[in-house]
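Below is model_37.cif, holding mmCIF, C-alpha atoms.
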data_structure
loop_
_atom_site.label_atom_id
_atom_site.label_comp_id
_atom_site.auth_asym_id
_atom_site.auth_seq_id
_atom_site.Cartn_x
_atom_site.Cartn_y
_atom_site.Cartn_z
CA MET G 264 0.00 0.00 0.00
CA LYS G 265 1.06 3.61 -0.51
CA ILE G 266 1.22 5.38 2.83
CA GLY G 267 1.99 8.96 3.78
CA VAL G 268 3.60 9.68 7.12
CA LEU G 269 3.36 13.26 8.35
CA GLY G 270 6.16 14.08 10.77
CA THR G 271 9.89 13.48 10.90
CA GLY G 272 10.41 12.98 14.63
CA MET G 273 10.92 9.76 16.56
CA VAL G 274 7.30 8.70 16.08
CA GLY G 275 7.29 9.39 12.34
CA GLN G 276 10.60 7.59 11.86
CA ALA G 277 9.46 4.57 13.86
CA ILE G 278 6.15 4.28 11.99
CA ALA G 279 7.60 4.99 8.55
CA GLY G 280 10.49 2.57 9.09
CA LYS G 281 8.15 -0.22 10.15
CA LEU G 282 5.82 0.38 7.20
CA VAL G 283 8.71 0.17 4.74
CA ALA G 284 9.93 -3.00 6.45
CA LEU G 285 6.45 -4.45 5.96
CA GLY G 286 6.71 -3.81 2.24
CA HIS G 287 4.68 -0.62 1.93
CA GLU G 288 5.72 2.41 -0.08
CA VAL G 289 6.10 5.39 2.22
CA THR G 290 6.46 9.11 1.67
CA MET G 291 7.50 11.01 4.79
CA GLY G 292 6.12 14.54 4.81
CA SER G 293 7.40 17.64 6.50
CA ARG G 294 6.97 21.40 6.27
CA THR G 295 9.56 21.71 3.52
CA ALA G 296 10.46 19.28 0.76
CA ASP G 297 14.13 19.35 1.72
CA ASN G 298 13.78 18.66 5.46
CA PRO G 299 17.15 17.14 6.46
CA LYS G 300 15.72 14.50 8.81
CA ALA G 301 13.22 13.30 6.22
CA SER G 302 15.83 13.33 3.44
CA GLU G 303 18.26 11.37 5.59
CA TRP G 304 15.55 8.89 6.49
CA SER G 305 14.39 8.26 2.94
CA GLY G 306 17.96 8.11 1.73
CA GLY G 307 18.70 5.27 4.12
CA ALA G 308 15.42 3.40 4.00
CA GLY G 309 15.56 1.88 0.55
CA GLU G 310 13.71 2.33 -2.71
CA ARG G 311 10.22 2.16 -1.19
CA ALA G 312 10.95 5.28 0.90
CA SER G 313 10.68 8.86 -0.28
CA ASN G 314 10.09 12.25 1.25
CA GLY G 315 8.44 15.55 0.41
CA THR G 316 6.11 18.18 1.76
CA TYR G 317 3.11 17.41 3.95
CA ALA G 318 1.00 17.81 0.81
CA ASP G 319 3.24 15.42 -1.15
CA ALA G 320 2.95 12.77 1.55
CA ALA G 321 -0.82 13.16 1.92
CA ALA G 322 -1.36 13.04 -1.85
CA PHE G 323 0.85 9.96 -2.14
CA GLY G 324 -0.80 7.95 0.61
CA GLU G 325 -3.92 5.84 0.25
CA LEU G 326 -3.69 5.93 4.02
CA VAL G 327 -2.00 8.72 6.01
CA PHE G 328 -0.43 8.73 9.48
CA ASN G 329 -0.37 11.90 11.55
CA CYS G 330 2.87 11.60 13.53
CA THR G 331 3.39 15.34 14.03
CA ALA G 332 3.59 16.88 17.48
CA GLY G 333 0.08 17.48 18.77
CA ALA G 334 0.55 21.23 19.09
CA GLY G 335 1.43 21.41 15.38
CA SER G 336 -0.96 18.78 14.01
CA LEU G 337 -3.75 21.05 12.77
CA GLU G 338 -1.23 23.30 11.04
CA ALA G 339 0.52 20.32 9.45
CA LEU G 340 -2.79 18.90 8.26
CA ALA G 341 -3.78 22.26 6.80
CA ALA G 342 -0.52 22.18 4.84
CA ALA G 343 -1.26 18.60 3.79
CA GLY G 344 -4.56 19.86 2.40
CA ALA G 345 -8.15 18.68 2.71
CA ASP G 346 -8.23 17.56 -0.94
CA ASN G 347 -5.24 15.28 -0.40
CA LEU G 348 -6.91 13.72 2.66
CA ARG G 349 -10.46 13.40 1.30
CA GLY G 350 -11.96 9.93 1.54
CA LYS G 351 -8.81 8.53 3.10
CA ILE G 352 -8.05 7.05 6.50
CA LEU G 353 -6.00 9.36 8.69
CA VAL G 354 -4.36 7.45 11.53
CA ASP G 355 -3.87 10.01 14.28
CA VAL G 356 -1.06 9.07 16.62
CA ALA G 357 -0.52 12.58 18.09
CA ASN G 358 -1.16 13.72 21.64
CA PRO G 359 -2.21 17.24 22.67
CA LEU G 360 0.77 17.77 24.94
CA ASP G 361 1.29 21.29 26.23
CA PHE G 362 4.89 21.93 27.25
CA SER G 363 4.36 25.69 27.72
CA LYS G 364 4.29 25.39 31.52
CA GLY G 365 7.33 23.11 31.70
CA MET G 366 7.63 19.45 32.61
CA PRO G 367 5.67 17.33 32.97
CA PRO G 368 3.43 18.59 30.17
CA SER G 369 -0.30 19.09 30.52
CA LEU G 370 -2.84 18.81 27.69
CA PHE G 371 -3.98 21.75 25.55
CA VAL G 372 -7.36 20.11 25.01
CA SER G 373 -8.99 17.67 27.41
CA GLY G 374 -12.20 16.62 29.07
CA ASP G 375 -15.01 17.68 26.76
CA ASP G 376 -12.96 17.61 23.54
CA SER G 377 -9.83 16.00 22.15
CA LEU G 378 -7.25 16.50 19.42
CA GLY G 379 -8.73 13.53 17.58
CA GLU G 380 -12.13 15.23 17.48
CA GLN G 381 -10.61 18.57 16.47
CA ILE G 382 -8.98 16.86 13.51
CA GLN G 383 -12.14 14.94 12.60
CA ARG G 384 -14.20 18.16 12.70
CA ALA G 385 -11.63 19.97 10.54
CA TYR G 386 -11.62 17.11 7.96
CA PRO G 387 -15.17 15.74 7.89
CA ASP G 388 -14.53 13.85 4.64
CA THR G 389 -11.57 11.97 6.13
CA HIS G 390 -11.89 8.92 8.37
CA VAL G 391 -9.85 9.74 11.47
CA VAL G 392 -8.76 6.75 13.55
CA LYS G 393 -6.98 7.58 16.78
CA THR G 394 -4.59 4.86 17.90
CA LEU G 395 -1.08 4.08 19.16
CA ASN G 396 -0.97 7.31 21.19
CA THR G 397 -0.79 5.46 24.52
CA ILE G 398 2.64 3.89 24.09
CA ASN G 399 6.19 4.87 23.34
CA CYS G 400 7.03 4.94 19.62
CA GLN G 401 9.35 1.93 19.75
CA LEU G 402 6.63 -0.14 21.36
CA MET G 403 4.07 1.08 18.78
CA VAL G 404 5.78 -0.92 16.07
CA ASP G 405 7.31 -3.65 18.24
CA PRO G 406 4.74 -4.57 20.89
CA GLY G 407 6.56 -7.85 21.54
CA LYS G 408 9.24 -5.81 23.30
CA VAL G 409 6.94 -6.01 26.32
CA PRO G 410 5.57 -9.46 27.19
CA GLY G 411 1.90 -10.22 27.62
CA ASP G 412 -1.38 -9.29 26.00
CA HIS G 413 -1.10 -5.57 26.57
CA VAL G 414 -3.50 -3.41 24.67
CA VAL G 415 -3.70 -0.71 22.04
CA PHE G 416 -6.89 1.28 21.54
CA VAL G 417 -8.72 2.49 18.44
CA SER G 418 -11.22 5.36 18.37
CA GLY G 419 -13.09 6.50 15.28
CA ASN G 420 -16.46 7.13 13.70
CA ASP G 421 -16.09 4.75 10.74
CA ALA G 422 -16.22 1.01 11.44
CA GLY G 423 -14.58 0.13 8.13
CA ALA G 424 -11.68 2.47 8.74
CA LYS G 425 -11.17 1.08 12.24
CA SER G 426 -11.24 -2.43 10.83
CA ARG G 427 -8.53 -1.64 8.26
CA VAL G 428 -6.37 0.06 10.87
CA THR G 429 -6.89 -2.87 13.25
CA SER G 430 -5.64 -5.25 10.56
CA LEU G 431 -2.53 -3.15 10.09
CA LEU G 432 -1.97 -3.12 13.85
CA THR G 433 -2.40 -6.89 14.25
CA GLU G 434 -1.06 -8.39 11.02
CA GLY G 435 1.47 -5.64 10.38
CA PHE G 436 2.70 -4.26 13.68
CA GLY G 437 2.11 -7.43 15.70
CA TRP G 438 -0.45 -6.24 18.23
CA LYS G 439 -2.37 -9.04 19.94
CA GLN G 440 -4.95 -6.91 21.70
CA VAL G 441 -6.74 -4.06 19.92
CA LEU G 442 -9.67 -2.60 21.84
CA ASP G 443 -12.25 -0.53 19.94
CA LEU G 444 -13.38 2.13 22.42
CA GLY G 445 -16.05 3.60 20.14
CA ASP G 446 -16.37 6.83 18.19
CA ILE G 447 -13.70 9.49 17.89
CA SER G 448 -14.87 11.16 21.12
CA THR G 449 -13.31 8.24 22.99
CA ALA G 450 -9.95 9.78 22.04
CA ARG G 451 -10.62 11.97 25.10
CA GLY G 452 -9.90 8.87 27.15
CA THR G 453 -6.67 7.78 25.49
CA GLU G 454 -5.31 11.32 25.23
CA ALA G 455 -6.03 11.99 28.93
CA TYR G 456 -4.31 8.70 29.80
CA LEU G 457 -1.07 10.34 28.71
CA LEU G 458 -1.05 12.18 32.03
CA LEU G 459 -0.96 8.82 33.79
CA TRP G 460 1.52 7.44 31.24
CA LEU G 461 3.92 10.27 32.11
CA ARG G 462 3.72 9.40 35.81
CA LEU G 463 4.13 5.67 35.12
CA TRP G 464 7.20 6.54 33.06
CA GLY G 465 8.57 8.41 36.08
CA ALA G 466 7.81 5.58 38.51
CA ILE G 467 9.00 2.75 36.25
CA GLY G 468 12.05 4.62 34.98
CA ASN G 469 11.78 3.75 31.29
CA ALA G 470 9.21 3.80 28.50
CA ASP G 471 9.06 0.05 27.83
CA PHE G 472 5.68 -0.53 29.47
CA ASN G 473 2.03 -0.65 28.62
CA ILE G 474 -1.24 -1.60 30.26
CA THR G 475 -3.21 -4.82 30.09
CA ILE G 476 -6.94 -4.86 30.77
CA ALA G 477 -7.81 -7.23 33.62
CA LYS G 478 -11.47 -8.29 33.58
CA ALA G 479 -13.71 -10.36 35.80
CA MET Y 1309 -7.92 1.62 64.43
CA LYS Y 1310 -10.47 4.44 64.61
CA ILE Y 1311 -11.30 5.61 61.09
CA GLY Y 1312 -13.53 8.39 59.81
CA VAL Y 1313 -15.21 7.98 56.44
CA LEU Y 1314 -16.52 11.17 54.86
CA GLY Y 1315 -19.35 10.43 52.43
CA THR Y 1316 -22.43 8.25 52.46
CA GLY Y 1317 -22.60 7.20 48.81
CA MET Y 1318 -21.59 3.90 47.23
CA VAL Y 1319 -17.90 4.58 47.73
CA GLY Y 1320 -18.29 5.58 51.38
CA GLN Y 1321 -20.48 2.57 52.10
CA ALA Y 1322 -18.08 0.17 50.40
CA ILE Y 1323 -15.02 1.53 52.22
CA ALA Y 1324 -16.74 1.89 55.59
CA GLY Y 1325 -18.25 -1.58 55.37
CA LYS Y 1326 -14.91 -3.16 54.55
CA LEU Y 1327 -13.15 -1.31 57.36
CA VAL Y 1328 -15.72 -2.52 59.91
CA ALA Y 1329 -15.39 -6.06 58.55
CA LEU Y 1330 -11.63 -5.77 59.09
CA GLY Y 1331 -12.24 -4.93 62.76
CA HIS Y 1332 -11.81 -1.17 62.65
CA GLU Y 1333 -14.12 1.29 64.41
CA VAL Y 1334 -15.70 3.55 61.82
CA THR Y 1335 -17.69 6.78 62.00
CA MET Y 1336 -19.37 7.70 58.73
CA GLY Y 1337 -19.67 11.46 58.32
CA SER Y 1338 -22.12 13.50 56.34
CA ARG Y 1339 -23.39 17.07 56.16
CA THR Y 1340 -25.93 16.50 58.93
CA ALA Y 1341 -25.73 14.22 61.96
CA ASP Y 1342 -29.04 12.58 61.08
CA ASN Y 1343 -28.32 11.74 57.43
CA PRO Y 1344 -30.69 8.81 56.67
CA LYS Y 1345 -28.19 6.83 54.57
CA ALA Y 1346 -25.47 7.11 57.21
CA SER Y 1347 -27.91 6.26 60.03
CA GLU Y 1348 -29.17 3.24 58.13
CA TRP Y 1349 -25.63 2.11 57.42
CA SER Y 1350 -24.40 2.42 60.99
CA GLY Y 1351 -27.59 0.84 62.31
CA GLY Y 1352 -26.95 -2.26 60.22
CA ALA Y 1353 -23.18 -2.48 60.46
CA GLY Y 1354 -22.71 -3.55 64.06
CA GLU Y 1355 -21.34 -1.99 67.21
CA ARG Y 1356 -18.10 -0.78 65.65
CA ALA Y 1357 -20.05 1.47 63.26
CA SER Y 1358 -21.41 4.91 64.04
CA ASN Y 1359 -22.32 8.05 62.17
CA GLY Y 1360 -22.30 11.79 62.64
CA THR Y 1361 -21.31 15.02 60.95
CA TYR Y 1362 -18.22 15.42 58.79
CA ALA Y 1363 -16.57 17.01 61.84
CA ASP Y 1364 -17.60 14.12 64.08
CA ALA Y 1365 -16.11 11.59 61.66
CA ALA Y 1366 -12.87 13.55 61.16
CA ALA Y 1367 -12.43 14.08 64.92
CA PHE Y 1368 -13.07 10.37 65.57
CA GLY Y 1369 -10.66 9.01 63.01
CA GLU Y 1370 -6.94 8.53 63.49
CA LEU Y 1371 -7.11 8.13 59.73
CA VAL Y 1372 -9.79 9.68 57.52
CA PHE Y 1373 -11.12 8.66 54.11
CA ASN Y 1374 -12.51 11.26 51.72
CA CYS Y 1375 -15.25 9.38 49.88
CA THR Y 1376 -17.34 12.42 48.99
CA ALA Y 1377 -18.12 13.37 45.41
CA GLY Y 1378 -15.18 15.31 43.99
CA ALA Y 1379 -17.23 18.42 43.31
CA GLY Y 1380 -18.19 18.58 47.00
CA SER Y 1381 -14.94 17.42 48.55
CA LEU Y 1382 -13.43 20.79 49.50
CA GLU Y 1383 -16.73 21.88 51.06
CA ALA Y 1384 -17.04 18.61 52.98
CA LEU Y 1385 -13.46 18.89 54.22
CA ALA Y 1386 -14.08 22.48 55.32
CA ALA Y 1387 -17.01 21.18 57.35
CA ALA Y 1388 -14.80 18.42 58.73
CA GLY Y 1389 -12.42 21.11 59.92
CA ALA Y 1390 -8.67 21.61 59.65
CA ASP Y 1391 -8.21 21.01 63.39
CA ASN Y 1392 -9.87 17.62 63.15
CA LEU Y 1393 -7.61 16.65 60.23
CA ARG Y 1394 -4.34 18.06 61.55
CA GLY Y 1395 -1.46 15.57 61.63
CA LYS Y 1396 -3.65 12.79 60.27
CA ILE Y 1397 -3.60 10.79 57.05
CA LEU Y 1398 -6.40 11.73 54.69
CA VAL Y 1399 -6.98 9.02 52.10
CA ASP Y 1400 -8.47 10.82 49.12
CA VAL Y 1401 -10.55 8.52 46.94
CA ALA Y 1402 -12.52 11.27 45.14
CA ASN Y 1403 -12.34 12.21 41.48
CA PRO Y 1404 -12.92 15.71 40.08
CA LEU Y 1405 -15.78 14.65 37.84
CA ASP Y 1406 -17.75 17.44 36.22
CA PHE Y 1407 -21.26 16.35 35.22
CA SER Y 1408 -22.39 19.90 34.37
CA LYS Y 1409 -22.13 19.26 30.61
CA GLY Y 1410 -23.85 15.87 30.75
CA MET Y 1411 -22.50 12.38 30.22
CA PRO Y 1412 -19.79 11.29 30.01
CA PRO Y 1413 -18.41 13.69 32.61
CA SER Y 1414 -15.25 15.73 32.13
CA LEU Y 1415 -12.91 16.89 34.92
CA PHE Y 1416 -13.23 20.22 36.72
CA VAL Y 1417 -9.48 20.29 37.34
CA SER Y 1418 -6.89 18.57 35.16
CA GLY Y 1419 -3.50 18.87 33.54
CA ASP Y 1420 -1.49 21.28 35.68
CA ASP Y 1421 -3.39 20.66 38.93
CA SER Y 1422 -5.54 17.99 40.55
CA LEU Y 1423 -8.12 17.59 43.26
CA GLY Y 1424 -5.56 15.75 45.37
CA GLU Y 1425 -3.24 18.76 45.20
CA GLN Y 1426 -6.08 21.20 45.90
CA ILE Y 1427 -6.88 19.25 49.06
CA GLN Y 1428 -3.21 19.01 50.09
CA ARG Y 1429 -2.79 22.78 49.62
CA ALA Y 1430 -5.91 23.49 51.65
CA TYR Y 1431 -4.75 21.20 54.50
CA PRO Y 1432 -0.95 21.53 54.64
CA ASP Y 1433 -0.78 19.88 58.08
CA THR Y 1434 -2.59 16.76 56.85
CA HIS Y 1435 -0.91 13.94 54.91
CA VAL Y 1436 -3.04 13.47 51.81
CA VAL Y 1437 -2.67 10.12 50.07
CA LYS Y 1438 -4.55 9.75 46.81
CA THR Y 1439 -5.48 6.17 46.02
CA LEU Y 1440 -8.28 3.80 44.92
CA ASN Y 1441 -9.72 6.44 42.59
CA THR Y 1442 -8.99 4.37 39.47
CA ILE Y 1443 -11.40 1.51 40.13
CA ASN Y 1444 -15.03 0.90 40.86
CA CYS Y 1445 -15.93 0.98 44.56
CA GLN Y 1446 -16.67 -2.75 44.79
CA LEU Y 1447 -13.28 -3.57 43.34
CA MET Y 1448 -11.59 -1.09 45.73
CA VAL Y 1449 -12.33 -3.35 48.68
CA ASP Y 1450 -12.45 -6.68 46.83
CA PRO Y 1451 -9.67 -6.65 44.23
CA GLY Y 1452 -9.86 -10.44 43.97
CA LYS Y 1453 -13.12 -9.97 42.06
CA VAL Y 1454 -10.89 -9.45 39.02
CA PRO Y 1455 -8.12 -12.02 38.47
CA GLY Y 1456 -4.47 -11.14 38.04
CA ASP Y 1457 -1.98 -8.71 39.49
CA HIS Y 1458 -3.85 -5.57 38.55
CA VAL Y 1459 -2.68 -2.40 40.14
CA VAL Y 1460 -3.75 0.38 42.48
CA PHE Y 1461 -1.75 3.60 42.70
CA VAL Y 1462 -0.71 5.79 45.63
CA SER Y 1463 0.29 9.46 45.36
CA GLY Y 1464 1.37 11.60 48.27
CA ASN Y 1465 4.10 13.80 49.70
CA ASP Y 1466 4.73 11.82 52.90
CA ALA Y 1467 6.50 8.46 52.58
CA GLY Y 1468 5.33 7.29 56.01
CA ALA Y 1469 1.71 8.06 55.21
CA LYS Y 1470 1.95 6.22 51.89
CA SER Y 1471 3.51 3.27 53.66
CA ARG Y 1472 0.66 3.06 56.19
CA VAL Y 1473 -1.96 3.36 53.46
CA THR Y 1474 -0.15 0.73 51.39
CA SER Y 1475 -0.29 -1.67 54.34
CA LEU Y 1476 -4.03 -1.10 54.65
CA LEU Y 1477 -4.46 -1.71 50.92
CA THR Y 1478 -2.42 -4.92 50.89
CA GLU Y 1479 -3.04 -6.52 54.29
CA GLY Y 1480 -6.53 -5.10 54.70
CA PHE Y 1481 -8.16 -4.76 51.31
CA GLY Y 1482 -6.19 -7.54 49.61
CA TRP Y 1483 -4.33 -5.61 46.93
CA LYS Y 1484 -1.35 -7.45 45.47
CA GLN Y 1485 0.09 -4.59 43.42
CA VAL Y 1486 0.39 -1.08 44.88
CA LEU Y 1487 2.45 1.31 42.75
CA ASP Y 1488 3.81 4.47 44.36
CA LEU Y 1489 3.72 7.10 41.60
CA GLY Y 1490 5.43 9.82 43.66
CA ASP Y 1491 4.28 13.03 45.26
CA ILE Y 1492 0.69 14.29 45.35
CA SER Y 1493 1.10 15.96 41.93
CA THR Y 1494 1.02 12.48 40.42
CA ALA Y 1495 -2.70 12.49 41.27
CA ARG Y 1496 -2.99 14.42 37.99
CA GLY Y 1497 -2.24 11.14 36.28
CA THR Y 1498 -4.69 8.93 38.12
CA GLU Y 1499 -7.47 11.51 38.05
CA ALA Y 1500 -7.02 12.05 34.28
CA TYR Y 1501 -7.12 8.28 33.79
CA LEU Y 1502 -10.78 8.44 34.79
CA LEU Y 1503 -11.51 9.74 31.30
CA LEU Y 1504 -10.09 6.51 29.90
CA TRP Y 1505 -11.78 4.46 32.62
CA LEU Y 1506 -15.16 5.85 31.53
CA ARG Y 1507 -14.51 4.76 27.94
CA LEU Y 1508 -13.27 1.34 29.01
CA TRP Y 1509 -16.44 0.97 31.05
CA GLY Y 1510 -18.42 1.73 27.90
CA ALA Y 1511 -16.45 -0.69 25.73
CA ILE Y 1512 -16.33 -3.53 28.30
CA GLY Y 1513 -19.92 -3.05 29.45
CA ASN Y 1514 -19.39 -3.35 33.20
CA ALA Y 1515 -17.16 -1.89 35.92
CA ASP Y 1516 -15.41 -5.12 36.94
CA PHE Y 1517 -12.09 -4.33 35.31
CA ASN Y 1518 -8.77 -2.75 36.08
CA ILE Y 1519 -5.38 -2.33 34.47
CA THR Y 1520 -2.19 -4.33 34.91
CA ILE Y 1521 1.19 -2.82 34.15
CA ALA Y 1522 3.08 -4.84 31.53
CA LYS Y 1523 6.82 -4.17 31.60
CA ALA Y 1524 9.81 -5.28 29.54
#
Please re-express this file's structure in structure tokens.
Amino acid sequence: MKIGVLGTGMVGQAIAGKLVALGHEVTMGSRTADNPKASEWSGGAGERASNGTYADAAAFGELVFNCTAGAGSLEALAAAGADNLRGKILVDVANPLDFSKGMPPSLFVSGDDSLGEQIQRAYPDTHVVKTLNTINCQLMVDPGKVPGDHVVFVSGNDAGAKSRVTSLLTEGFGWKQVLDLGDISTARGTEAYLLLWLRLWGAIGNADFNITIAKA
Amino acid sequence: MKIGVLGTGMVGQAIAGKLVALGHEVTMGSRTADNPKASEWSGGAGERASNGTYADAAAFGELVFNCTAGAGSLEALAAAGADNLRGKILVDVANPLDFSKGMPPSLFVSGDDSLGEQIQRAYPDTHVVKTLNTINCQLMVDPGKVPGDHVVFVSGNDAGAKSRVTSLLTEGFGWKQVLDLGDISTARGTEAYLLLWLRLWGAIGNADFNITIAKA
């Protein structure tokens, strides 16, 4: 499949690298076509990897990942362009982290709204699926790094889109447990969880952890 | 031990009932000394159970549980009185749920503050320990209802207070995993998790669940 990955940071590199390894063609998008990190990545990632602007990556992808920092996601998506995203699945991995008051960050949207919903409202003709935002980027694409049936969540309004993303998560990324929380408003839950994730990170001392759902 | 339980709702009844069953003497406190729910509870809970005002319960307890609704917690604690709480451990089980915009609730404080911190700031001579706020009240006092080593968190500024509360959670309530997240500011994490808990509740269909930490 042709996939666009918006964002050149650790998350974008982890996702894009895994997708190429799985055999997909990937264009990594950034603000400028000559972004050094994206150029270096595509130069070293083989013939299925390329890079360009956000718009290039969104136009290229049948499916698009938003791996930009949450605070810049709406701006990056505006640069990607509604026409390039129309009718496509947008996998939103970003979190609305607000570092303006120092560490640990808080959230710039929470409670009665979420970044996932903001993106879905801004792109009503795109199927936004929020997922993978509750784990470290290395674990996103290598869940076996942590033993057990730990869980990744999906939130989105379109059942078909969630089903396709779930297949990519299970058959592609190797996730054993994918829990569909419901419509995109359930992204409020997974985004807010980041505040607990940050404290677990502090208590555990590294980012190689996740949660498992224990049920009666 | 003599324990005060502030709050007459499901959480207060679950905690107070368990404490009496463990052999503790418990006074359940409410706004008025003749609260029907508290009177009914103490009437049916044996000779170690009594009820009174918030101040009565706080004065009685060597250790005090805040089981009031989050939106009313600061008012209830003001009625309990700083003098009655001075030097004591206050186990804060409340969540800052805001139902003013309908269901599901949001949080009236989140991100760069928490209800646990608000309470600690208001009662600097009391050792606030936030715990048990991430599970349903039945599971709080009967963690064995759900199999596995699922986890309960403690947050607080005083190591001795957290140690005493941890003993009550393990030896008393039967918790196998108690994770100390750090100082009271880590309550931001567990309170924010409620937004995910609410969505898990919706997806799972009942409240008999919790999370386990999976680590590398």
**Distance in Å - atom CA of G:Ala343 versus atom CA of G:Leu378** =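 Answer for the atom CA of G:Ala343 to atom CA of G:Leu378 separation: 16.9 Å.
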Contacts between chain Y and chain G, please, where a residue of chain G counts if it comes within 8 Å (with all atoms listed in the file); show its shortest atom pair and distance in Å to one decimal, rows by chain and ascending number, as JSON lines.
{"residue": "G:Pro368", "atom": "CA", "partner": "Y:Gly1419", "partner_atom": "CA", "distance": 7.7}
{"residue": "G:Ser369", "atom": "CA", "partner": "Y:Gly1419", "partner_atom": "CA", "distance": 4.4}
{"residue": "G:Leu370", "atom": "CA", "partner": "Y:Gly1419", "partner_atom": "CA", "distance": 5.9}
{"residue": "G:Gly374", "atom": "CA", "partner": "Y:Ser1414", "partner_atom": "CA", "distance": 4.4}
{"residue": "G:Asp375", "atom": "CA", "partner": "Y:Ser1414", "partner_atom": "CA", "distance": 5.7}
{"residue": "G:Lys408", "atom": "CA", "partner": "Y:Ala1524", "partner_atom": "CA", "distance": 6.3}
{"residue": "G:Val409", "atom": "CA", "partner": "Y:Ala1524", "partner_atom": "CA", "distance": 4.4}
{"residue": "G:Pro410", "atom": "CA", "partner": "Y:Ala1524", "partner_atom": "CA", "distance": 6.4}
{"residue": "G:Gly411", "atom": "CA", "partner": "Y:Ala1522", "partner_atom": "CA", "distance": 6.8}
{"residue": "G:His413", "atom": "CA", "partner": "Y:Ala1522", "partner_atom": "CA", "distance": 6.5}
{"residue": "G:Asp443", "atom": "CA", "partner": "Y:Ala1511", "partner_atom": "CA", "distance": 7.2}
{"residue": "G:Leu444", "atom": "CA", "partner": "Y:Ala1511", "partner_atom": "CA", "distance": 5.3}
{"residue": "G:Gly445", "atom": "CA", "partner": "Y:Ala1511", "partner_atom": "CA", "distance": 7.1}
{"residue": "G:Thr449", "atom": "CA", "partner": "Y:Arg1507", "partner_atom": "CA", "distance": 6.2}
{"residue": "G:Arg451", "atom": "CA", "partner": "Y:Leu1503", "partner_atom": "CA", "distance": 6.6}
{"residue": "G:Gly452", "atom": "CA", "partner": "Y:Leu1504", "partner_atom": "CA", "distance": 3.6}
{"residue": "G:Thr453", "atom": "CA", "partner": "Y:Leu1504", "partner_atom": "CA", "distance": 5.7}
{"residue": "G:Ala455", "atom": "CA", "partner": "Y:Ala1500", "partner_atom": "CA", "distance": 5.4}
{"residue": "G:Tyr456", "atom": "CA", "partner": "Y:Tyr1501", "partner_atom": "CA", "distance": 4.9}
{"residue": "G:Leu457", "atom": "CA", "partner": "Y:Gly1497", "partner_atom": "CA", "distance": 7.7}
{"residue": "G:Leu458", "atom": "CA", "partner": "Y:Gly1497", "partner_atom": "CA", "distance": 4.5}
{"residue": "G:Leu459", "atom": "CA", "partner": "Y:Gly1497", "partner_atom": "CA", "distance": 3.6}
{"residue": "G:Trp460", "atom": "CA", "partner": "Y:Gly1497", "partner_atom": "CA", "distance": 7.3}
{"residue": "G:Leu461", "atom": "CA", "partner": "Y:Gly1497", "partner_atom": "CA", "distance": 7.5}
{"residue": "G:Arg462", "atom": "CA", "partner": "Y:Thr1494", "partner_atom": "CA", "distance": 6.2}
{"residue": "G:Leu463", "atom": "CA", "partner": "Y:Leu1489", "partner_atom": "CA", "distance": 6.6}
{"residue": "G:Gly465", "atom": "CA", "partner": "Y:Leu1489", "partner_atom": "CA", "distance": 7.5}
{"residue": "G:Ala466", "atom": "CA", "partner": "Y:Leu1489", "partner_atom": "CA", "distance": 5.3}
{"residue": "G:Asp471", "atom": "CA", "partner": "Y:Ala1524", "partner_atom": "CA", "distance": 5.6}
{"residue": "G:Phe472", "atom": "CA", "partner": "Y:Lys1523", "partner_atom": "CA", "distance": 4.4}
{"residue": "G:Asn473", "atom": "CA", "partner": "Y:Ala1522", "partner_atom": "CA", "distance": 5.2}
{"residue": "G:Ile474", "atom": "CA", "partner": "Y:Ile1521", "partner_atom": "CA", "distance": 4.7}
{"residue": "G:Thr475", "atom": "CA", "partner": "Y:Thr1520", "partner_atom": "CA", "distance": 5.0}
{"residue": "G:Ile476", "atom": "CA", "partner": "Y:Ile1519", "partner_atom": "CA", "distance": 4.7}
{"residue": "G:Ala477", "atom": "CA", "partner": "Y:Asn1518", "partner_atom": "CA", "distance": 5.2}
{"residue": "G:Lys478", "atom": "CA", "partner": "Y:Phe1517", "partner_atom": "CA", "distance": 4.4}
{"residue": "G:Ala479", "atom": "CA", "partner": "Y:Val1454", "partner_atom": "CA", "distance": 4.4}
**Item:** For atom CA of Y:Phe1481 and atom CA of Y:Ile1397, the interatomic separation in Å (one decimal)
**Value:**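 Distance between the two atoms: 17.2 Å.
For the structure in this document, the set picked by the PyMOL selection byres ((chain Y and resi 1310) around 12) is Met1309, Ile1311, Gly1312, Val1313, Ala1324, Leu1327, Val1328, Leu1330, Gly1331, His1332, Glu1333, Val1334, Thr1335, Met1336, Arg1356, Ala1357, Ser1358, Ala1365, Ala1366, Ala1367, Phe1368, Gly1369, Glu1370, Leu1371, Val1372, Phe1373 and Lys1396 of chain Y.
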**Prompt:** atom CA of G:Lys393 and atom CA of Y:Cys1445 are how many Å apart?
**Reply:** 29.9 Å
**Request:** Would you please work out which residue, of Y:Pro1404, Y:Gly1325, Y:Gly1513, Y:Pro1451, is nearest to Y:Ala1346 when using all atoms listed in the file?
**Result:**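 When distances to Y:Ala1346 are compared using all atoms listed in the file, the smallest one comes from Y:Gly1325.
Across the chains present, the PyMOL selection byres ((chain Y and resi 1466) around 10) applied to this file returns Ile1397, Thr1434, His1435, Val1436, Val1437, Ser1463, Gly1464, Asn1465, Ala1467, Gly1468, Ala1469, Lys1470, Ser1471, Gly1490, Asp1491 and Ile1492 of chain Y.
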**Request:** Fewer than 6 positions away in the same chain doesn't count, so skip those; otherwise give me all residues within 7 Å of Y:Tyr1362, counting all atoms listed in the file, as number ranges by chain.
**Result:** Y: 1314, 1337-1339, 1384, 1387-1388
